[in-house]
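Peer 1: The structure under discussion is supplied below as structure tokens; questions concerning it will follow.
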Amino acid sequence: MATDLIQELDALEAAAADEVGGVASGDDLEALRVRLLGRKEGRLTAILRRVGELPADQKPAVGKRANEVKEAVSALLERRESELAGGDGGAHGLDLTLPGRRAWRGGRHPVTRVVDEISEVFRDLGFARARGPEAETEWHNFVALNTPLDHPAAATSDTFYLEPGLLLRSHTSPVQIRTMLEHEPPIRIIAPGVVYRRDPWDPSHAPAFEQIEGLVVDEGVSMVDLKATLGEFARRLFGPDTKTRFRPSYFPFTEPSAEVDVTCPFCEAGCSTCKGTGWLEIMGAGMVDPAVFEAVGIDAERYTGFAFGMGPGRIAMLVYGVPDIRMWYEGDTRFLEQFT
Ligand code: PHE
């Protein structure tokens, strides 16, 4: 009878709701699905087989109810499946209650940020940006910079030679040479880049590191321009109260030469960053030596100039309070991502 079959379908739906709720694993749920809806042996199939025995006018009502029950039971099974998947031991091990994974989108390296900040200050002061090759000739790296090849810096123990006469540049100063060979004064450039030295890998040395070179050449350029330019640079980079001081030094390509210090931006009267002195050394500088002008064919009677060179990696150590230069180059994102 049609009513019998419809009652059985109702009973199947009710029983399915109970049984589905009691299932605790994906495997058990699949077994239950087969028992309820399986095409060959399932309970729904068993009921449907008997529809054939009904008079034709009673078949549609039973068929309609059978479809409803099938949909309802399928929905119950599906809901239970996603419940199980959300908890431990779920069929797909997917726990929707877990916190999301934070997307690490990368960021500019802290030393790159300092290079960019310094570049921006000099751009505002009217400096163009120049660049040169990292594989450099001995002549550009040393000879033209008034540095004889028997100078200790030119020794194979200090510099990486690629082949005789060709090396990995040990500073960005050869970009001064290339710029002066290519351009007539007035010249006003900075040149950021990587340089290489056969230094030990220790807290204050790395075999490859960044430098920023600066060069100004024009008629009437004097030490006053050097001091004013670097003083303004320091105020813009470290803050308006920053003072600058020049200590006598020596570089083969500048005369006179100086080490440039700025007042420590972190303290009033001495802290661990400035080691209690109140001053931080940030670069080397000086007036271009006439011998350098001679090497590149610039008239040293007519033109004068100044040059400076600084290490943004060291400046970044000071600014961010990083005690070991190697930390910049180890590529540990847990460290680096703190700066972005
Ligand atoms: N080239 C020097 C160095 O590497 C720095 C410097 C550049 C000094 C320009 C004076 C002028 O130490």
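Chain labels follow the order of the structure tokens: the first chain is A, the next B, and so on; residue numbering restarts at 1 in every chain, and ligands are counted from 1 in their shown order.
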Within 9 Å of ligand 1 (counting only C-alpha atoms and all ligand atoms), which residues show up? I'd like them as a ChimeraX atom specification.
Peer 2: /A:170-174,176,195,211-215,250-254,257-259,283-288,306-311
Peer 1: Find the residues around Trp279 (chain A) up to 8 Å (only C-alpha atoms counted), leave out those fewer than 4 positions away in its own chain, and share them as a ChimeraX atom specification.
Peer 2: /A:261-264,274
Peer 1: Please produce an output containing all heavy atoms for each residue in the selection, written as a compact mmCIF listing (two decimals), in the first residue's frame.
Peer 2:
# COMPACT_ATOMS: atom_id res chain seq x y z
N ASP A 261 81.70 62.62 12.27
CA ASP A 261 80.87 62.12 13.37
C ASP A 261 79.60 62.97 13.47
O ASP A 261 79.61 64.15 13.14
CB ASP A 261 81.59 62.25 14.72
CG ASP A 261 82.89 61.46 14.80
OD1 ASP A 261 83.09 60.56 13.96
OD2 ASP A 261 83.70 61.76 15.70
N VAL A 262 78.53 62.35 13.96
CA VAL A 262 77.32 63.12 14.29
C VAL A 262 77.01 62.91 15.76
O VAL A 262 77.38 61.88 16.35
CB VAL A 262 76.10 62.68 13.45
CG1 VAL A 262 76.30 63.01 11.99
CG2 VAL A 262 75.80 61.20 13.64
N THR A 263 76.33 63.91 16.35
CA THR A 263 75.93 63.73 17.74
C THR A 263 74.96 62.56 17.82
O THR A 263 74.11 62.38 16.96
CB THR A 263 75.25 65.00 18.29
OG1 THR A 263 74.34 65.50 17.30
CG2 THR A 263 76.27 66.08 18.61
N CYS A 264 75.13 61.76 18.88
CA CYS A 264 74.33 60.56 19.04
C CYS A 264 72.84 60.92 19.12
O CYS A 264 72.43 61.71 19.97
CB CYS A 264 74.75 59.82 20.30
SG CYS A 264 73.79 58.33 20.60
N CYS A 274 76.60 55.02 21.47
CA CYS A 274 77.78 55.87 21.21
C CYS A 274 78.91 55.56 22.18
O CYS A 274 79.89 56.28 22.23
CB CYS A 274 77.39 57.35 21.27
SG CYS A 274 76.77 57.88 22.88
Peer 1: Which is closest to Lys70 (chain A) among A:Val296, A:Leu166, A:Thr229, A:Glu13, if we use only C-alpha atoms?
Peer 2: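 The closest residue to Lys70 (chain A) is A:Glu13.
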